[in-house]
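A.B. asks: Got a file for you: work11.cif, mmCIF, C-alpha atoms.
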```cif
data_entry
loop_
_atom_site.label_atom_id
_atom_site.label_comp_id
_atom_site.auth_asym_id
_atom_site.auth_seq_id
_atom_site.Cartn_x
_atom_site.Cartn_y
_atom_site.Cartn_z
CA MET A 1 144.54 6.88 116.23
CA ILE A 2 146.21 3.54 115.46
CA GLY A 3 145.32 0.64 117.72
CA ILE A 4 147.90 -2.10 118.19
CA VAL A 5 146.15 -5.29 119.23
CA ASP A 6 147.75 -6.45 122.47
CA TYR A 7 146.84 -10.08 123.06
CA GLY A 8 149.89 -11.07 125.04
CA VAL A 9 152.10 -12.66 122.38
CA GLY A 10 152.73 -10.00 119.74
CA ASN A 11 155.63 -7.60 119.96
CA VAL A 12 153.56 -4.51 120.67
CA ALA A 13 156.48 -2.47 121.99
CA SER A 14 158.47 -2.67 118.73
CA VAL A 15 155.53 -1.47 116.67
CA SER A 16 154.67 1.38 119.03
CA ASN A 17 158.34 2.43 119.21
CA MET A 18 158.51 2.85 115.46
CA LEU A 19 155.16 4.66 115.23
CA LYS A 20 156.35 6.99 117.97
CA ARG A 21 159.55 7.70 116.02
CA LEU A 22 157.33 8.58 113.04
CA GLY A 23 155.35 10.98 115.23
CA LEU A 24 152.22 8.82 114.98
CA GLU A 25 149.97 8.24 117.92
CA SER A 26 149.13 4.68 118.83
CA VAL A 27 147.47 2.86 121.66
CA ARG A 28 147.49 -0.74 122.83
CA VAL A 29 144.04 -2.25 122.41
CA SER A 30 143.00 -5.42 124.18
CA SER A 31 139.26 -5.01 124.70
CA SER A 32 136.25 -4.72 122.40
CA LYS A 33 135.65 -1.21 123.69
CA ALA A 34 139.19 -0.10 122.83
CA VAL A 35 138.92 -1.65 119.36
CA ALA A 36 135.80 0.38 118.68
CA ALA A 37 137.62 3.62 119.51
CA VAL A 38 140.46 3.47 116.95
CA ASP A 39 140.37 4.07 113.20
CA ARG A 40 143.27 1.85 112.17
CA LEU A 41 144.37 -1.51 113.54
CA ILE A 42 147.64 -3.39 113.56
CA LEU A 43 147.86 -7.04 114.60
CA PRO A 44 151.49 -7.82 115.40
CA GLY A 45 152.49 -11.40 115.84
CA VAL A 46 155.45 -13.27 117.16
CA GLY A 47 155.25 -16.91 118.02
CA ALA A 48 153.41 -20.10 117.40
CA PHE A 49 150.13 -20.15 115.46
CA ASP A 50 148.01 -22.01 118.03
CA ALA A 51 149.32 -19.95 120.94
CA GLY A 52 148.48 -16.80 118.97
CA MET A 53 144.94 -17.85 118.06
CA GLN A 54 144.21 -19.08 121.57
CA ALA A 55 145.42 -15.78 123.02
CA LEU A 56 143.31 -13.82 120.56
CA ARG A 57 140.23 -15.87 121.46
CA ARG A 58 140.76 -15.71 125.22
CA ASP A 59 138.49 -12.68 125.46
CA GLY A 60 135.49 -13.87 123.46
CA GLU A 61 134.41 -10.36 122.55
CA LEU A 62 137.71 -9.20 121.10
CA ILE A 63 137.45 -11.07 117.80
CA THR A 64 133.81 -10.06 117.38
CA ALA A 65 134.80 -6.42 117.85
CA LEU A 66 137.70 -6.78 115.40
CA GLU A 67 135.42 -8.37 112.80
CA GLU A 68 132.89 -5.61 113.15
CA ARG A 69 135.54 -2.91 112.81
CA VAL A 70 137.42 -4.53 109.94
CA LEU A 71 134.78 -6.43 107.94
CA THR A 72 131.82 -4.09 108.47
CA ASP A 73 133.28 -0.63 109.18
CA ARG A 74 136.24 -1.36 106.87
CA VAL A 75 138.94 0.41 108.85
CA PRO A 76 142.46 -0.24 107.54
CA PHE A 77 143.91 -3.35 109.17
CA LEU A 78 147.51 -4.59 109.01
CA GLY A 79 148.59 -8.06 110.14
CA ILE A 80 152.33 -8.50 110.66
CA CYS A 81 154.14 -11.87 110.40
CA LEU A 82 152.07 -14.29 112.52
CA GLY A 83 149.40 -11.55 112.49
CA MET A 84 149.26 -11.95 108.70
CA GLN A 85 149.14 -15.75 108.90
CA MET A 86 146.28 -15.61 111.42
CA LEU A 87 144.10 -13.83 108.83
CA THR A 88 143.95 -17.07 106.81
CA SER A 89 141.94 -20.20 107.53
CA GLY A 90 144.76 -22.00 109.33
CA SER A 91 148.36 -23.08 109.43
CA ASP A 92 150.36 -26.26 109.02
CA GLU A 93 151.98 -25.25 112.29
CA GLY A 94 148.92 -25.95 114.40
CA ARG A 95 145.34 -27.13 114.65
CA GLU A 96 143.52 -23.94 115.58
CA PRO A 97 141.42 -22.35 112.88
CA GLY A 98 142.56 -18.90 111.78
CA LEU A 99 140.37 -15.80 111.44
CA GLY A 100 139.47 -16.75 107.86
CA TRP A 101 139.28 -13.18 106.56
CA VAL A 102 141.54 -14.09 103.67
CA SER A 103 141.16 -17.46 101.93
CA GLY A 104 144.48 -19.24 102.15
CA ARG A 105 146.68 -21.11 104.55
CA ALA A 106 150.13 -20.86 106.15
CA LYS A 107 152.54 -23.49 104.84
CA ARG A 108 155.97 -24.54 106.02
CA PHE A 109 159.10 -23.90 103.97
CA GLY A 110 160.34 -27.11 102.38
CA LYS A 111 162.13 -29.28 104.91
CA ASP A 112 164.18 -31.31 102.47
CA SER A 113 165.16 -28.49 100.16
CA GLY A 114 168.46 -27.81 101.95
CA LEU A 115 167.10 -24.43 103.01
CA LYS A 116 167.79 -23.24 106.52
CA VAL A 117 164.46 -22.89 108.30
CA PRO A 118 163.41 -20.48 109.78
CA HIS A 119 164.03 -17.97 107.02
CA VAL A 120 165.86 -15.31 108.99
CA GLY A 121 167.32 -12.06 107.76
CA TRP A 122 166.97 -9.19 105.31
CA ASN A 123 165.49 -10.12 102.00
CA SER A 124 164.74 -8.18 98.87
CA THR A 125 161.01 -7.68 98.48
CA THR A 126 159.40 -6.92 95.15
CA SER A 127 156.15 -5.02 94.98
CA GLY A 128 153.66 -4.35 92.25
CA PRO A 129 152.40 -0.95 91.11
CA GLY A 130 149.19 -1.53 93.02
CA SER A 131 150.86 -1.67 96.40
CA LYS A 132 149.50 1.07 98.63
CA LEU A 133 151.73 0.05 101.51
CA LEU A 134 154.82 0.67 99.40
CA GLY A 135 153.31 3.68 97.70
CA GLY A 136 153.41 2.01 94.27
CA SER A 137 157.18 1.84 94.37
CA GLN A 138 158.55 -0.84 92.07
CA THR A 139 162.09 -0.69 93.37
CA PRO A 140 162.66 -3.75 95.56
CA SER A 141 162.90 -2.91 99.26
CA ARG A 142 164.84 -4.79 101.90
CA PHE A 143 162.76 -6.03 104.79
CA TYR A 144 163.55 -8.17 107.81
CA TYR A 145 162.02 -11.63 107.90
CA VAL A 146 161.96 -14.29 110.55
CA HIS A 147 159.50 -17.10 109.95
CA SER A 148 159.16 -20.80 109.19
CA TYR A 149 155.71 -20.55 107.59
CA TYR A 150 154.43 -18.39 104.76
CA VAL A 151 150.95 -17.63 103.48
CA GLU A 152 149.65 -19.29 100.36
CA VAL A 153 146.52 -17.45 99.28
CA ASP A 154 143.85 -19.26 97.28
CA HIS A 155 143.52 -16.55 94.66
CA ASN A 156 146.57 -14.57 93.74
CA ASP A 157 144.71 -11.30 93.41
CA GLY A 158 145.67 -8.99 96.20
CA VAL A 159 149.21 -10.34 96.46
CA THR A 160 151.20 -7.13 96.12
CA MET A 161 154.61 -8.18 97.42
CA THR A 162 156.78 -11.20 96.88
CA ALA A 163 160.14 -12.37 98.11
CA GLU A 164 162.21 -15.39 97.25
CA TYR A 165 163.35 -18.16 99.56
CA GLY A 166 163.70 -21.45 97.73
CA GLY A 167 161.02 -20.07 95.39
CA ASP A 168 158.77 -17.01 95.39
CA PHE A 169 156.41 -16.62 98.31
CA CYS A 170 153.78 -14.08 99.26
CA ALA A 171 155.46 -11.32 101.28
CA GLY A 172 152.41 -9.13 101.43
CA PHE A 173 148.78 -8.89 100.37
CA GLU A 174 146.41 -5.96 100.19
CA ARG A 175 142.73 -6.76 99.89
CA GLU A 176 140.53 -3.71 100.21
CA ASN A 177 141.14 -2.60 103.78
CA VAL A 178 142.86 -5.81 104.91
CA TYR A 179 146.66 -5.79 104.63
CA GLY A 180 149.17 -8.42 105.64
CA VAL A 181 152.96 -8.51 105.54
CA GLN A 182 155.17 -11.48 106.32
CA PHE A 183 158.20 -9.37 107.21
CA HIS A 184 158.61 -7.08 110.20
CA PRO A 185 158.28 -3.43 109.12
CA GLU A 186 158.77 -2.38 112.76
CA LYS A 187 162.28 -3.88 112.57
CA SER A 188 163.17 -2.89 109.01
CA HIS A 189 164.84 0.50 109.45
CA ARG A 190 163.82 3.07 106.82
CA SER A 191 161.86 0.68 104.58
CA GLY A 192 159.69 -0.22 107.55
CA MET A 193 159.16 3.39 108.54
CA GLN A 194 158.01 4.18 105.04
CA LEU A 195 155.56 1.28 105.04
CA LEU A 196 154.04 2.10 108.43
CA GLY A 197 153.86 5.77 107.43
CA ASN A 198 151.95 4.79 104.28
CA PHE A 199 149.61 2.60 106.33
CA ALA A 200 148.87 5.52 108.65
CA GLY A 201 148.01 7.68 105.65
CA LEU A 202 145.56 5.25 104.01
CA MET B 203 175.74 -22.12 99.47
CA SER B 204 175.91 -18.39 99.87
CA ASN B 205 172.70 -16.85 101.03
CA ARG B 206 171.43 -13.35 100.45
CA THR B 207 169.88 -13.30 103.88
CA SER B 208 173.19 -13.81 105.69
CA ARG B 209 173.76 -11.41 108.55
CA LEU B 210 176.49 -9.53 110.36
CA ILE B 211 175.46 -8.95 113.96
CA PRO B 212 177.22 -6.51 116.29
CA THR B 213 177.28 -7.92 119.80
CA LEU B 214 177.27 -5.77 122.90
CA GLU B 215 178.08 -6.96 126.39
CA LEU B 216 176.35 -5.34 129.34
CA SER B 217 177.73 -5.26 132.83
CA GLY B 218 176.23 -3.20 135.61
CA GLY B 219 174.40 -0.94 133.15
CA SER B 220 177.45 -0.08 131.03
CA LEU B 221 179.13 -1.79 128.11
CA ILE B 222 182.22 -3.91 128.45
CA LYS B 223 184.20 -6.17 126.17
CA THR B 224 185.36 -9.52 127.40
CA LYS B 225 188.15 -11.78 126.25
CA ASN B 226 187.53 -15.50 126.77
CA PHE B 227 184.44 -14.23 128.59
CA ARG B 228 186.50 -12.38 131.22
CA PRO B 229 186.22 -8.59 131.56
CA PHE B 230 188.80 -6.93 129.34
CA ALA B 231 187.81 -3.30 128.64
CA HIS B 232 185.13 -0.69 129.20
CA VAL B 233 183.38 0.28 126.01
CA GLY B 234 180.86 2.93 127.03
CA ASP B 235 177.18 3.63 127.12
CA PRO B 236 174.70 1.01 125.86
CA ALA B 237 172.03 3.38 124.50
CA ASN B 238 174.61 5.46 122.61
CA SER B 239 176.09 2.37 121.02
CA ALA B 240 172.65 1.07 120.08
CA ARG B 241 171.94 4.42 118.40
CA ILE B 242 175.17 4.18 116.41
CA PHE B 243 174.26 0.71 115.16
CA ASN B 244 170.73 1.82 114.39
CA GLU B 245 172.06 4.66 112.22
CA LEU B 246 174.39 2.22 110.49
CA GLU B 247 171.30 0.11 109.77
CA VAL B 248 172.96 -3.09 110.91
CA ASP B 249 171.19 -6.40 110.27
CA GLU B 250 170.48 -7.24 113.91
CA LEU B 251 171.90 -6.45 117.32
CA ILE B 252 172.81 -8.92 120.07
CA VAL B 253 172.97 -7.68 123.66
CA VAL B 254 174.14 -10.01 126.40
CA ASP B 255 174.64 -9.64 130.12
CA THR B 256 176.36 -12.88 131.05
CA ARG B 257 176.89 -11.91 134.69
CA ARG B 258 173.15 -12.25 135.14
CA THR B 259 173.38 -15.97 134.53
CA ARG B 260 176.22 -16.49 136.96
CA ASP B 261 174.65 -14.36 139.67
CA ARG B 262 171.22 -15.85 138.99
CA ARG B 263 169.74 -12.41 138.70
CA ASN B 264 167.00 -11.09 136.43
CA PRO B 265 168.00 -9.36 133.19
CA PRO B 266 168.38 -5.54 133.39
CA PHE B 267 164.83 -4.81 132.22
CA ALA B 268 165.11 -1.01 132.23
CA VAL B 269 168.26 -1.03 130.08
CA ILE B 270 166.71 -3.52 127.66
CA GLU B 271 163.61 -1.37 127.34
CA GLU B 272 165.72 1.68 126.52
CA LEU B 273 167.75 -0.23 123.94
CA ALA B 274 164.59 -1.60 122.32
CA SER B 275 163.30 1.93 121.83
CA GLU B 276 166.48 2.81 119.88
CA CYS B 277 166.61 -0.30 117.71
CA PHE B 278 164.65 -0.37 114.48
CA MET B 279 166.28 -3.66 113.67
CA PRO B 280 165.85 -6.97 115.46
CA LEU B 281 167.15 -7.02 119.00
CA ILE B 282 168.36 -10.23 120.58
CA TYR B 283 168.91 -10.47 124.32
CA GLY B 284 170.69 -13.09 126.41
CA GLY B 285 171.75 -13.43 130.04
CA GLY B 286 169.67 -14.63 132.99
CA VAL B 287 166.81 -15.90 130.83
CA ASP B 288 166.04 -19.07 132.79
CA SER B 289 162.25 -19.25 132.90
CA LEU B 290 159.12 -18.56 130.87
CA ARG B 291 158.32 -15.68 133.19
CA VAL B 292 161.63 -13.89 132.63
CA ALA B 293 161.51 -14.59 128.89
CA SER B 294 157.99 -13.15 128.64
CA GLU B 295 159.06 -10.00 130.43
CA VAL B 296 162.06 -9.54 128.10
CA MET B 297 159.97 -10.14 124.97
CA ARG B 298 157.32 -7.69 126.15
CA LEU B 299 159.92 -4.91 126.23
CA GLY B 300 160.43 -5.08 122.46
CA VAL B 301 163.02 -7.82 122.07
CA GLU B 302 162.61 -10.16 119.07
CA LYS B 303 164.69 -13.10 120.20
CA ILE B 304 165.96 -14.42 123.47
CA VAL B 305 169.21 -16.30 123.92
CA VAL B 306 169.18 -19.26 126.29
CA GLY B 307 172.44 -21.01 127.08
CA SER B 308 173.34 -22.32 130.51
CA ALA B 309 169.73 -22.76 131.65
CA ALA B 310 169.12 -25.37 128.94
CA TYR B 311 171.68 -27.81 130.44
CA GLU B 312 169.77 -27.92 133.70
CA ASN B 313 166.37 -27.84 132.06
CA PRO B 314 166.34 -28.74 128.35
CA ILE B 315 162.54 -28.72 128.28
CA LEU B 316 162.69 -24.95 128.81
CA ILE B 317 163.67 -24.65 125.14
CA ARG B 318 160.58 -26.54 124.02
CA GLU B 319 158.34 -24.50 126.34
CA LEU B 320 159.77 -21.24 125.00
CA VAL B 321 159.28 -22.45 121.44
CA ASP B 322 155.65 -23.39 122.16
CA LEU B 323 155.02 -19.94 123.56
CA PHE B 324 157.02 -17.66 121.24
CA GLY B 325 157.76 -19.84 118.22
CA SER B 326 161.10 -21.25 117.09
CA GLN B 327 162.17 -18.00 115.46
CA ALA B 328 162.33 -16.28 118.85
CA VAL B 329 164.51 -18.83 120.58
CA VAL B 330 168.28 -18.75 120.08
CA SER B 331 170.29 -21.47 121.80
CA ALA B 332 173.74 -20.38 122.94
CA VAL B 333 176.38 -23.07 122.75
CA ASP B 334 179.79 -22.21 124.20
CA TYR B 335 182.73 -24.54 123.81
CA ARG B 336 186.43 -24.76 124.52
CA GLY B 337 188.98 -26.33 122.22
CA VAL B 338 189.43 -25.22 118.62
CA GLY B 339 189.19 -27.03 115.30
CA ASP B 340 190.54 -30.57 115.50
CA GLU B 341 191.22 -30.43 119.23
CA ARG B 342 188.86 -32.18 121.60
CA LEU B 343 185.84 -29.87 121.91
CA ARG B 344 184.34 -29.40 125.35
CA LEU B 345 181.01 -27.74 126.04
CA CYS B 346 180.82 -25.29 128.87
CA SER B 347 178.21 -23.16 130.58
CA ASP B 348 178.29 -20.10 132.81
CA SER B 349 180.59 -18.11 130.47
CA GLY B 350 183.11 -20.89 130.15
CA ARG B 351 183.41 -21.56 133.87
CA HIS B 352 181.52 -24.80 134.11
CA ARG B 353 182.33 -27.89 132.08
CA GLU B 354 179.35 -29.78 130.64
CA ARG B 355 179.53 -33.54 130.06
CA VAL B 356 177.44 -33.85 126.92
CA GLY B 357 179.21 -33.88 123.54
CA LEU B 358 179.03 -30.77 121.34
CA PHE B 359 177.47 -32.44 118.28
CA ASP B 360 174.97 -34.42 120.37
CA TRP B 361 173.96 -31.26 122.19
CA VAL B 362 173.39 -29.08 119.12
CA GLU B 363 171.23 -31.82 117.60
CA THR B 364 169.27 -32.07 120.86
CA LEU B 365 168.68 -28.31 120.82
CA GLU B 366 167.47 -28.42 117.24
CA GLY B 367 165.17 -31.30 118.16
CA LEU B 368 163.74 -29.26 121.03
CA GLY B 369 162.81 -26.60 118.48
CA ALA B 370 165.50 -23.91 118.90
CA GLY B 371 165.29 -21.56 115.92
CA GLU B 372 168.95 -20.59 115.75
CA LEU B 373 172.24 -21.50 117.33
CA LEU B 374 174.70 -18.93 118.67
CA LEU B 375 177.94 -20.90 118.57
CA THR B 376 180.76 -19.35 120.57
CA SER B 377 184.37 -20.42 120.73
CA VAL B 378 185.34 -19.39 124.26
CA ASP B 379 189.02 -19.82 123.46
CA ARG B 380 188.80 -17.46 120.46
CA GLN B 381 186.28 -14.96 121.86
CA GLY B 382 187.87 -11.51 122.17
CA THR B 383 191.25 -12.66 120.81
CA TRP B 384 191.16 -11.43 117.15
CA GLU B 385 192.71 -14.79 116.21
CA GLY B 386 190.05 -15.63 113.65
CA LEU B 387 186.84 -17.64 113.68
CA ASP B 388 187.06 -21.38 114.36
CA LEU B 389 186.03 -22.29 110.83
CA THR B 390 186.37 -26.06 111.23
CA THR B 391 183.91 -26.31 114.10
CA ILE B 392 181.53 -23.74 112.63
CA ALA B 393 181.29 -25.64 109.34
CA SER B 394 180.86 -29.02 111.11
CA VAL B 395 177.97 -27.68 113.18
CA THR B 396 176.34 -25.90 110.22
CA ASN B 397 176.49 -29.09 108.15
CA ARG B 398 174.76 -31.08 110.85
CA LEU B 399 171.84 -28.72 111.38
CA GLY B 400 168.86 -27.44 109.44
CA ILE B 401 168.62 -24.26 111.51
CA PRO B 402 170.76 -21.15 111.04
CA VAL B 403 174.07 -21.01 112.90
CA VAL B 404 175.43 -17.68 114.16
CA ALA B 405 179.21 -17.98 114.40
CA HIS B 406 180.87 -16.08 117.23
CA GLY B 407 184.32 -15.77 118.71
CA GLY B 408 187.58 -14.49 117.30
CA ALA B 409 186.53 -12.60 114.16
CA ARG B 410 189.34 -10.31 112.96
CA SER B 411 187.44 -8.16 110.50
CA VAL B 412 184.21 -7.57 108.65
CA ALA B 413 185.92 -9.04 105.57
CA GLU B 414 186.65 -12.31 107.37
CA ALA B 415 183.03 -12.50 108.53
CA ARG B 416 181.73 -11.85 105.03
CA SER B 417 183.90 -14.55 103.53
CA VAL B 418 182.52 -17.06 106.06
CA LEU B 419 179.01 -16.03 105.05
CA ASP B 420 179.80 -16.15 101.34
CA ARG B 421 181.11 -19.69 101.69
CA GLY B 422 177.93 -20.65 103.58
CA GLU B 423 179.84 -21.85 106.62
CA ALA B 424 177.39 -19.95 108.83
CA SER B 425 174.14 -18.02 108.34
CA ALA B 426 175.36 -15.11 110.44
CA VAL B 427 178.47 -13.89 112.22
CA ALA B 428 178.36 -12.13 115.57
CA LEU B 429 181.00 -9.42 115.90
CA GLY B 430 182.32 -8.28 119.29
CA SER B 431 185.84 -6.82 119.27
CA VAL B 432 185.60 -5.72 115.62
CA VAL B 433 182.70 -3.39 116.41
CA ALA B 434 184.10 -2.17 119.75
CA PHE B 435 187.72 -1.25 118.95
CA GLN B 436 189.63 0.58 116.21
CA ALA B 437 191.88 -2.45 115.83
CA LYS B 438 193.50 -5.12 117.97
CA GLY B 439 195.27 -3.43 120.87
CA LYS B 440 193.80 -0.03 119.95
CA GLY B 441 191.24 2.19 121.64
CA VAL B 442 187.47 1.93 121.78
CA LEU B 443 185.60 2.89 118.62
CA VAL B 444 182.02 1.67 118.40
CA GLY B 445 180.94 1.09 114.82
CA LEU B 446 181.00 -1.28 111.89
CA PRO B 447 184.33 -0.75 110.12
CA GLU B 448 183.98 -0.71 106.32
CA GLU B 449 185.99 -3.18 104.37
CA GLU B 450 189.23 -1.91 102.92
#
```
Translate this structure into structure tokens?
C.D. replies:
Amino acid sequence: MIGIVDYGVGNVASVSNMLKRLGLESVRVSSSKAVAAVDRLILPGVGAFDAGMQALRRDGELITALEERVLTDRVPFLGICLGMQMLTSGSDEGREPGLGWVSGRAKRFGKDSGLKVPHVGWNSTTSGPGSKLLGGSQTPSRFYYVHSYYVEVDHNDGVTMTAEYGGDFCAGFERENVYGVQFHPEKSHRSGMQLLGNFAGL
Amino acid sequence: MSNRTSRLIPTLELSGGSLIKTKNFRPFAHVGDPANSARIFNELEVDELIVVDTRRTRDRRNPPFAVIEELASECFMPLIYGGGVDSLRVASEVMRLGVEKIVVGSAAYENPILIRELVDLFGSQAVVSAVDYRGVGDERLRLCSDSGRHRERVGLFDWVETLEGLGAGELLLTSVDRQGTWEGLDLTTIASVTNRLGIPVVAHGGARSVAEARSVLDRGEASAVALGSVVAFQAKGKGVLVGLPEEE
């Protein structure tokens, strides 16, 4: 059973709609008890970094339960968009500390580069042979992005997907059981279905 | 500068639970069933889908939550909703249903701070500011709210800069005089607004064809083009045919 963390700001409905289309069972989880009962976790995220972290911390036991399940029990965990950024130590967007499961930080796309920010739309995403989420496919996939910040990880190991927007940025990382993607698989038609299907099969 | 992430966005107009097409924002034709149309665009794997119910703003009613929820379950691409989103409460309810972005237009004239509050809660990327204007190209441009019915006093260029300053993530720029007419996009105004802003501009109103929209995107005059009549009819003056016509 896949648990989708429902902390009030992520787009839970979009993720559960796609899982349902794939014939995969999922449940919204918002308590420590519910987190303990699932064997895979997805942290969706839409919105501002501080609002997201504050919402996640509102129930003091939720993060503790997530840490136990992910860092101790090692169940597969996927952070999407803001959910990926929240896995790092923090973001230039706000002041709240992140979860700190992955060493790195969310940075803003260059303001003076002439780039339109946010980066919105379908972008070609390159993956390495080690990507479990993309099944090792090395053909670039198109995914839907909408974000102003991107994750810069401290050590490049584990970065399995990259995309280009005024330079290459980390589109996805896979570190043991902790996965993060900057794009929205739940809104990326067939490419997204394939990725979420692979996640469910890990 | 052409951008690989440029988007073509079919735009559907809801009214009383069914789909209509408007011309200059006034009802023009019945198009059919919303869920069916959303399914068609999902199968075509379109870049995004905009759904608006502008009557909701005028009548000061809540958005049609049940219809939105059904559409969201059919859309495996980003769904954008506008119409009657005038508070954080309504916006939260719409977002919870599986919508990625909300469009706020008229409500921002009365309460500009609403944009900032929405941005603080959902992030810039979720907040699309709708800007409707009358006048085309070099004519005097006049902002209007409530589907073109109400004249606003603020100047177009001042207003779009204000919206960007409040944190809006995108601008949905609609030429009311061109909307639904097939007379072509108002390229002059679109390019002037795009050049002034750092956020993406979605051009809307008057597109004649997918080819015209693509050429606007290729020239970088807008980040996206919203298509209404082109995706609802076979051709100008012809019958309803929901789809994304391939270029010839």
A.B. asks: Dump as a count of residues only the residues of chain A that approach chain B to within 8 Å, counting only C-alpha atoms.
C.D. replies: 28
A.B. asks: Quick one: which residues end up in the PyMOL selection byres ((chain A and resi 52-64) around 10) for this structure, as a ChimeraX atom specification?
C.D. replies: /A:5-10,29-35,45-51,65-70,82-83,86,90,94-99 /B:323-325
A.B. asks: Return the single residue from A:Met193, A:Ala106, A:Val75, A:Leu202 that is closest to Ser16 in chain A, with distances computed using all atoms listed in the file.
C.D. replies: A:Met193
A.B. asks: To one decimal place in Å, what is the distance between CA of His155 in chain A and CA of Lys107 in chain A?
C.D. replies: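 Spanning CA of His155 in chain A to CA of Lys107 in chain A is a straight-line distance of 15.3 Å.
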A.B. asks: Go ahead and compute the interatomic distance for CA of Leu429 in chain B and CA of Val305 in chain B, in Å to one decimal.
C.D. replies: 15.8 Å
A.B. asks: List the residues selected by the PyMOL selection byres ((chain B and resi 224-230) around 8) in the file shown, writing them as a list in words.
C.D. replies: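 When the PyMOL selection byres ((chain B and resi 224-230) around 8) is applied to the shown file, the picked residues are Glu215, Ile222, Lys223, Ala231, His232, Ser349, Gly350, Val378, Asp379, Arg380, Gln381, Gly382 and Thr383 of chain B.
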A.B. asks: Regenerate range 114-131 of chain A at the level of N, CA and C atoms and dump it as a PDB file, in the frame of the given file.
C.D. replies:
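Resulting contents of result_31.pdb:
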```
ATOM      1  N   GLY A 114     167.124 -28.306 101.616  1.00  0.00           N
ATOM      2  CA  GLY A 114     168.460 -27.810 101.950  1.00  0.00           C
ATOM      3  C   GLY A 114     168.419 -26.384 102.455  1.00  0.00           C
ATOM      4  N   LEU A 115     167.237 -25.784 102.487  1.00  0.00           N
ATOM      5  CA  LEU A 115     167.100 -24.430 103.010  1.00  0.00           C
ATOM      6  C   LEU A 115     167.205 -24.451 104.518  1.00  0.00           C
ATOM      7  N   LYS A 116     167.831 -23.402 105.070  1.00  0.00           N
ATOM      8  CA  LYS A 116     167.790 -23.240 106.520  1.00  0.00           C
ATOM      9  C   LYS A 116     166.411 -22.709 106.885  1.00  0.00           C
ATOM     10  N   VAL A 117     165.774 -23.349 107.835  1.00  0.00           N
ATOM     11  CA  VAL A 117     164.460 -22.890 108.300  1.00  0.00           C
ATOM     12  C   VAL A 117     164.563 -22.714 109.810  1.00  0.00           C
ATOM     13  N   PRO A 118     164.129 -21.594 110.407  1.00  0.00           N
ATOM     14  CA  PRO A 118     163.410 -20.480 109.780  1.00  0.00           C
ATOM     15  C   PRO A 118     164.220 -19.656 108.780  1.00  0.00           C
ATOM     16  N   HIS A 119     163.473 -18.975 107.919  1.00  0.00           N
ATOM     17  CA  HIS A 119     164.030 -17.970 107.020  1.00  0.00           C
ATOM     18  C   HIS A 119     164.260 -16.722 107.865  1.00  0.00           C
ATOM     19  N   VAL A 120     165.524 -16.416 108.100  1.00  0.00           N
ATOM     20  CA  VAL A 120     165.860 -15.310 108.990  1.00  0.00           C
ATOM     21  C   VAL A 120     166.758 -14.328 108.253  1.00  0.00           C
ATOM     22  N   GLY A 121     166.408 -13.065 108.289  1.00  0.00           N
ATOM     23  CA  GLY A 121     167.320 -12.060 107.760  1.00  0.00           C
ATOM     24  C   GLY A 121     166.634 -11.071 106.827  1.00  0.00           C
ATOM     25  N   TRP A 122     167.470 -10.250 106.201  1.00  0.00           N
ATOM     26  CA  TRP A 122     166.970  -9.190 105.310  1.00  0.00           C
ATOM     27  C   TRP A 122     166.849  -9.752 103.913  1.00  0.00           C
ATOM     28  N   ASN A 123     165.683  -9.583 103.337  1.00  0.00           N
ATOM     29  CA  ASN A 123     165.490 -10.120 102.000  1.00  0.00           C
ATOM     30  C   ASN A 123     164.861  -9.067 101.106  1.00  0.00           C
ATOM     31  N   SER A 124     165.265  -9.108  99.870  1.00  0.00           N
ATOM     32  CA  SER A 124     164.740  -8.180  98.870  1.00  0.00           C
ATOM     33  C   SER A 124     163.272  -8.516  98.611  1.00  0.00           C
ATOM     34  N   THR A 125     162.447  -7.484  98.601  1.00  0.00           N
ATOM     35  CA  THR A 125     161.010  -7.680  98.480  1.00  0.00           C
ATOM     36  C   THR A 125     160.501  -6.870  97.300  1.00  0.00           C
ATOM     37  N   THR A 126     159.874  -7.567  96.369  1.00  0.00           N
ATOM     38  CA  THR A 126     159.400  -6.920  95.150  1.00  0.00           C
ATOM     39  C   THR A 126     157.936  -6.573  95.303  1.00  0.00           C
ATOM     40  N   SER A 127     157.558  -5.391  94.858  1.00  0.00           N
ATOM     41  CA  SER A 127     156.150  -5.020  94.980  1.00  0.00           C
ATOM     42  C   SER A 127     155.610  -4.603  93.621  1.00  0.00           C
ATOM     43  N   GLY A 128     154.310  -4.743  93.490  1.00  0.00           N
ATOM     44  CA  GLY A 128     153.660  -4.350  92.250  1.00  0.00           C
ATOM     45  C   GLY A 128     153.229  -2.894  92.299  1.00  0.00           C
ATOM     46  N   PRO A 129     152.806  -2.354  91.155  1.00  0.00           N
ATOM     47  CA  PRO A 129     152.400  -0.950  91.110  1.00  0.00           C
ATOM     48  C   PRO A 129     151.173  -0.672  91.970  1.00  0.00           C
ATOM     49  N   GLY A 130     150.413  -1.732  92.255  1.00  0.00           N
ATOM     50  CA  GLY A 130     149.190  -1.530  93.020  1.00  0.00           C
ATOM     51  C   GLY A 130     149.402  -1.485  94.523  1.00  0.00           C
ATOM     52  N   SER A 131     150.650  -1.607  94.960  1.00  0.00           N
ATOM     53  CA  SER A 131     150.860  -1.670  96.400  1.00  0.00           C
ATOM     54  C   SER A 131     150.705  -0.310  97.057  1.00  0.00           C
TER      55      SER A 131
END
```
